[in-house]
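Here the structure comes first, spelled out in structure tokens, and everything after it is commentary.
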Amino acid sequence: MEARQSAWRIYRESLPILVVSLAGGIFAGAVLGSKGMTEGFQRFPGMLLLLPAFLATRGNVYGALGARISSGLHQGMIDPEFSWDRRLINAVAASFINGISISIFIAVVSWGILHVLGRESARLIELVSIMLVSGILTSTTLIFGLLALVFASYQYGLDPDNLIGPIVTTLGDVFGVVFLFIALTVAEVIF
């Protein structure tokens, strides 16, 4: 009977966030298909090559952060609040640095692949700038959004482990696409 109750609890906690994730994915797709976004992709060739990697790494980097925070909460090593906690600060700083570094790396690798294949590409400085702006914005938003949701769910008696995956992927997709659109808009003005 214990296994059935555990399975029911996981289902009960996960279902609402999965519905929100579905809505977030549809929203991200609508932004991605918007006229402004497609014009930005035309203005900066190569963006479609790096888009899947950019969105995937948001989930990878910040999913690991969410897992660390959740483990720290369960073990009593982290309090569910925004406070000056060395473990929390180190985990956040490492995730932020990883998120920014991988954004720049994706731009450089995408640019290199396009050149090796002889395909049209935006200039390296353009791709790096776009990825840097969108990386900084998504990293900041994901860190604070993830921490707030993990802490709130823990305080309300929900298991953050049941919520981290859908939360991170949804926040990463929604804010990744929105901030990529903002970065494209900024790049069009600058370049």
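Residue numbering restarts at 1 in every chain; chains get A, B, ... in the order shown in the structure tokens, and ligands count up from 1 in that same order.
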
With the cut-off set at 9 Å and counting only C-alpha atoms, tabulate each residue of range 69-128 of chain A with an atom at most that distance from an atom of range 136-140 of chain A, showing the nearest atom pair and its distance in Å to one decimal, ordered by chain and increasing number, as CSV.
```
residue,atom,partner,partner_atom,distance
A:Ser95,CA,A:Ser139,CA,8.0
A:Phe96,CA,A:Ser139,CA,5.9
A:Ile97,CA,A:Ser139,CA,8.9
A:Gly99,CA,A:Ser139,CA,6.2
A:Ile100,CA,A:Ile136,CA,6.2
A:Ser103,CA,A:Ile136,CA,8.8
```

Q) In range 1-188 of chain A, what's alpha helix (DSSP H) per DSSP? Answer as a ChimeraX atom specification? A) /A:2-32,35-43,47-74,86-116,124-155,164-188

Q) Which residues come within 7 Å of range 147-159 of chain A, counting only C-alpha atoms, excluding same-chain residues fewer than 6 positions away, as a PyMOL selection string? A) chain A and resi 13+80-81

Got a sec: who's within 10 Å of Leu48 in chain A, counting only C-alpha atoms, leaving out chain neighbours fewer than 6 positions off, as an mmCIF file with all heavy atoms, in the first residue's frame?
```
data_model
loop_
_atom_site.group_PDB
_atom_site.id
_atom_site.type_symbol
_atom_site.label_atom_id
_atom_site.label_comp_id
_atom_site.auth_asym_id
_atom_site.auth_seq_id
_atom_site.Cartn_x
_atom_site.Cartn_y
_atom_site.Cartn_z
ATOM 1 N N THR A 38 11.415 35.209 -36.622
ATOM 2 C CA THR A 38 11.850 34.684 -37.921
ATOM 3 C C THR A 38 12.674 35.724 -38.682
ATOM 4 O O THR A 38 13.634 35.361 -39.362
ATOM 5 C CB THR A 38 10.653 34.213 -38.768
ATOM 6 O OG1 THR A 38 9.717 35.279 -38.908
ATOM 7 C CG2 THR A 38 9.969 33.018 -38.136
ATOM 8 N N PHE A 41 16.107 35.559 -37.223
ATOM 9 C CA PHE A 41 16.843 34.394 -37.723
ATOM 10 C C PHE A 41 17.362 34.637 -39.134
ATOM 11 O O PHE A 41 18.437 34.166 -39.493
ATOM 12 C CB PHE A 41 15.963 33.143 -37.693
ATOM 13 C CG PHE A 41 15.754 32.574 -36.316
ATOM 14 C CD1 PHE A 41 14.770 31.639 -36.102
ATOM 15 C CD2 PHE A 41 16.531 32.952 -35.242
ATOM 16 C CE1 PHE A 41 14.566 31.084 -34.851
ATOM 17 C CE2 PHE A 41 16.344 32.414 -33.985
ATOM 18 C CZ PHE A 41 15.364 31.475 -33.787
ATOM 19 N N GLN A 42 16.585 35.367 -39.935
ATOM 20 C CA GLN A 42 17.050 35.687 -41.283
ATOM 21 C C GLN A 42 18.186 36.698 -41.239
ATOM 22 O O GLN A 42 19.131 36.615 -42.016
ATOM 23 C CB GLN A 42 15.891 36.220 -42.121
ATOM 24 C CG GLN A 42 14.869 35.169 -42.465
ATOM 25 C CD GLN A 42 13.624 35.749 -43.112
ATOM 26 O OE1 GLN A 42 13.427 36.958 -43.155
ATOM 27 N NE2 GLN A 42 12.773 34.864 -43.616
ATOM 28 N N SER A 110 28.849 26.729 -33.103
ATOM 29 C CA SER A 110 27.889 26.860 -34.204
ATOM 30 C C SER A 110 28.502 27.632 -35.367
ATOM 31 O O SER A 110 28.360 27.237 -36.530
ATOM 32 C CB SER A 110 26.619 27.562 -33.727
ATOM 33 O OG SER A 110 25.970 26.783 -32.762
#
```

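You will find CA of Arg123 in chain A at 19.8 Å from CA of Phe179 in chain A.
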
Can you write out as CSV which residues of range 38-94 of chain A fall within 12 Å of range 165-176 of chain A, alongside each residue's closest atom pair and its distance in Å to one decimal, counting only C-alpha atoms and ordering rows by chain and ascending residue number?
```
residue,atom,partner,partner_atom,distance
A:Leu51,CA,A:Gly176,CA,9.1
A:Pro52,CA,A:Asp173,CA,9.8
A:Ala53,CA,A:Gly176,CA,11.1
A:Phe54,CA,A:Gly176,CA,7.8
A:Leu55,CA,A:Asp173,CA,5.9
A:Ala56,CA,A:Gly172,CA,8.1
A:Thr57,CA,A:Gly172,CA,8.6
A:Arg58,CA,A:Gly172,CA,5.3
A:Gly59,CA,A:Thr169,CA,5.1
A:Asn60,CA,A:Val168,CA,8.6
A:Val61,CA,A:Val168,CA,9.3
A:Tyr62,CA,A:Val168,CA,6.5
A:Gly63,CA,A:Val168,CA,5.9
A:Ala64,CA,A:Gly165,CA,9.6
A:Leu65,CA,A:Val168,CA,9.6
A:Gly66,CA,A:Val168,CA,8.0
A:Ala67,CA,A:Gly165,CA,9.0
A:Ser70,CA,A:Gly165,CA,11.7
```

Take the residues that were just selected and, keeping C-alpha atoms, output them as a PDB file, in the first residue's frame.
```
ATOM      1  CA  LEU A  51      18.796  27.281 -30.773  1.00  0.00           C
ATOM      2  CA  PRO A  52      18.277  23.599 -29.777  1.00  0.00           C
ATOM      3  CA  ALA A  53      21.631  23.458 -27.980  1.00  0.00           C
ATOM      4  CA  PHE A  54      20.913  26.725 -26.176  1.00  0.00           C
ATOM      5  CA  LEU A  55      17.516  25.555 -24.931  1.00  0.00           C
ATOM      6  CA  ALA A  56      18.779  22.082 -23.997  1.00  0.00           C
ATOM      7  CA  THR A  57      21.664  23.432 -21.942  1.00  0.00           C
ATOM      8  CA  ARG A  58      19.306  25.609 -19.917  1.00  0.00           C
ATOM      9  CA  GLY A  59      17.656  22.431 -18.651  1.00  0.00           C
ATOM     10  CA  ASN A  60      20.943  20.616 -18.132  1.00  0.00           C
ATOM     11  CA  VAL A  61      22.728  23.347 -16.183  1.00  0.00           C
ATOM     12  CA  TYR A  62      19.790  24.466 -14.079  1.00  0.00           C
ATOM     13  CA  GLY A  63      18.361  20.975 -13.627  1.00  0.00           C
ATOM     14  CA  ALA A  64      21.632  20.109 -11.885  1.00  0.00           C
ATOM     15  CA  LEU A  65      21.282  23.238  -9.735  1.00  0.00           C
ATOM     16  CA  GLY A  66      17.722  22.283  -8.814  1.00  0.00           C
ATOM     17  CA  ALA A  67      18.830  18.763  -7.895  1.00  0.00           C
ATOM     18  CA  SER A  70      16.631  19.796  -3.469  1.00  0.00           C
TER      19      SER A  70
END
```

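Atom pair CA of Gly76 in chain A / CA of Leu142 in chain A: separated by 23.0 Å.
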
Q | Residue neighbourhood Leu50 in chain A, 10 Å, only C-alpha atoms, exclusion window fewer than 5 positions, as a PyMOL selection string | A | chain A and resi 55+103+106-111+127+131

Quick one: write out the picked residues with N, CA and C atoms as a PDB file, in the first residue's frame?
```pdb
ATOM      1  N   LEU A  55      18.656  25.923 -25.777  1.00  0.00           N
ATOM      2  CA  LEU A  55      17.516  25.555 -24.931  1.00  0.00           C
ATOM      3  C   LEU A  55      17.810  24.288 -24.121  1.00  0.00           C
ATOM      4  N   SER A 103      26.831  29.158 -23.119  1.00  0.00           N
ATOM      5  CA  SER A 103      26.175  29.991 -24.129  1.00  0.00           C
ATOM      6  C   SER A 103      27.189  30.507 -25.144  1.00  0.00           C
ATOM      7  N   ILE A 106      28.503  27.602 -27.286  1.00  0.00           N
ATOM      8  CA  ILE A 106      27.539  27.210 -28.321  1.00  0.00           C
ATOM      9  C   ILE A 106      27.656  28.139 -29.527  1.00  0.00           C
ATOM     10  N   ALA A 107      27.797  29.441 -29.280  1.00  0.00           N
ATOM     11  CA  ALA A 107      27.922  30.403 -30.381  1.00  0.00           C
ATOM     12  C   ALA A 107      29.178  30.128 -31.198  1.00  0.00           C
ATOM     13  N   VAL A 108      30.298  29.905 -30.526  1.00  0.00           N
ATOM     14  CA  VAL A 108      31.571  29.671 -31.220  1.00  0.00           C
ATOM     15  C   VAL A 108      31.518  28.369 -32.018  1.00  0.00           C
ATOM     16  N   VAL A 109      31.025  27.307 -31.407  1.00  0.00           N
ATOM     17  CA  VAL A 109      30.953  26.013 -32.090  1.00  0.00           C
ATOM     18  C   VAL A 109      29.990  26.092 -33.284  1.00  0.00           C
ATOM     19  N   SER A 110      28.849  26.729 -33.103  1.00  0.00           N
ATOM     20  CA  SER A 110      27.889  26.860 -34.204  1.00  0.00           C
ATOM     21  C   SER A 110      28.502  27.632 -35.367  1.00  0.00           C
ATOM     22  N   TRP A 111      29.167  28.729 -35.049  1.00  0.00           N
ATOM     23  CA  TRP A 111      29.838  29.523 -36.086  1.00  0.00           C
ATOM     24  C   TRP A 111      30.880  28.672 -36.813  1.00  0.00           C
ATOM     25  N   LEU A 127      27.000  36.423 -33.142  1.00  0.00           N
ATOM     26  CA  LEU A 127      26.476  35.225 -32.484  1.00  0.00           C
ATOM     27  C   LEU A 127      26.863  35.193 -31.006  1.00  0.00           C
ATOM     28  N   MET A 131      24.201  35.366 -27.874  1.00  0.00           N
ATOM     29  CA  MET A 131      24.180  34.297 -26.877  1.00  0.00           C
ATOM     30  C   MET A 131      24.574  34.804 -25.493  1.00  0.00           C
TER      31      MET A 131
END
```

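For Met77 in chain A, the list of residues within 12 Å, based on only C-alpha atoms and with local chain neighbours fewer than 6 positions off taken out, reads Arg68, Ile69, Ser70, Ser71, Asp85, Arg86, Arg87 and Leu88 of chain A.
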
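Among the candidates A:Ile78, A:Val20, A:Ile104, A:Ala91, the residue lying nearest to Ile125 in chain A is A:Ile104 (atoms considered: only C-alpha atoms).
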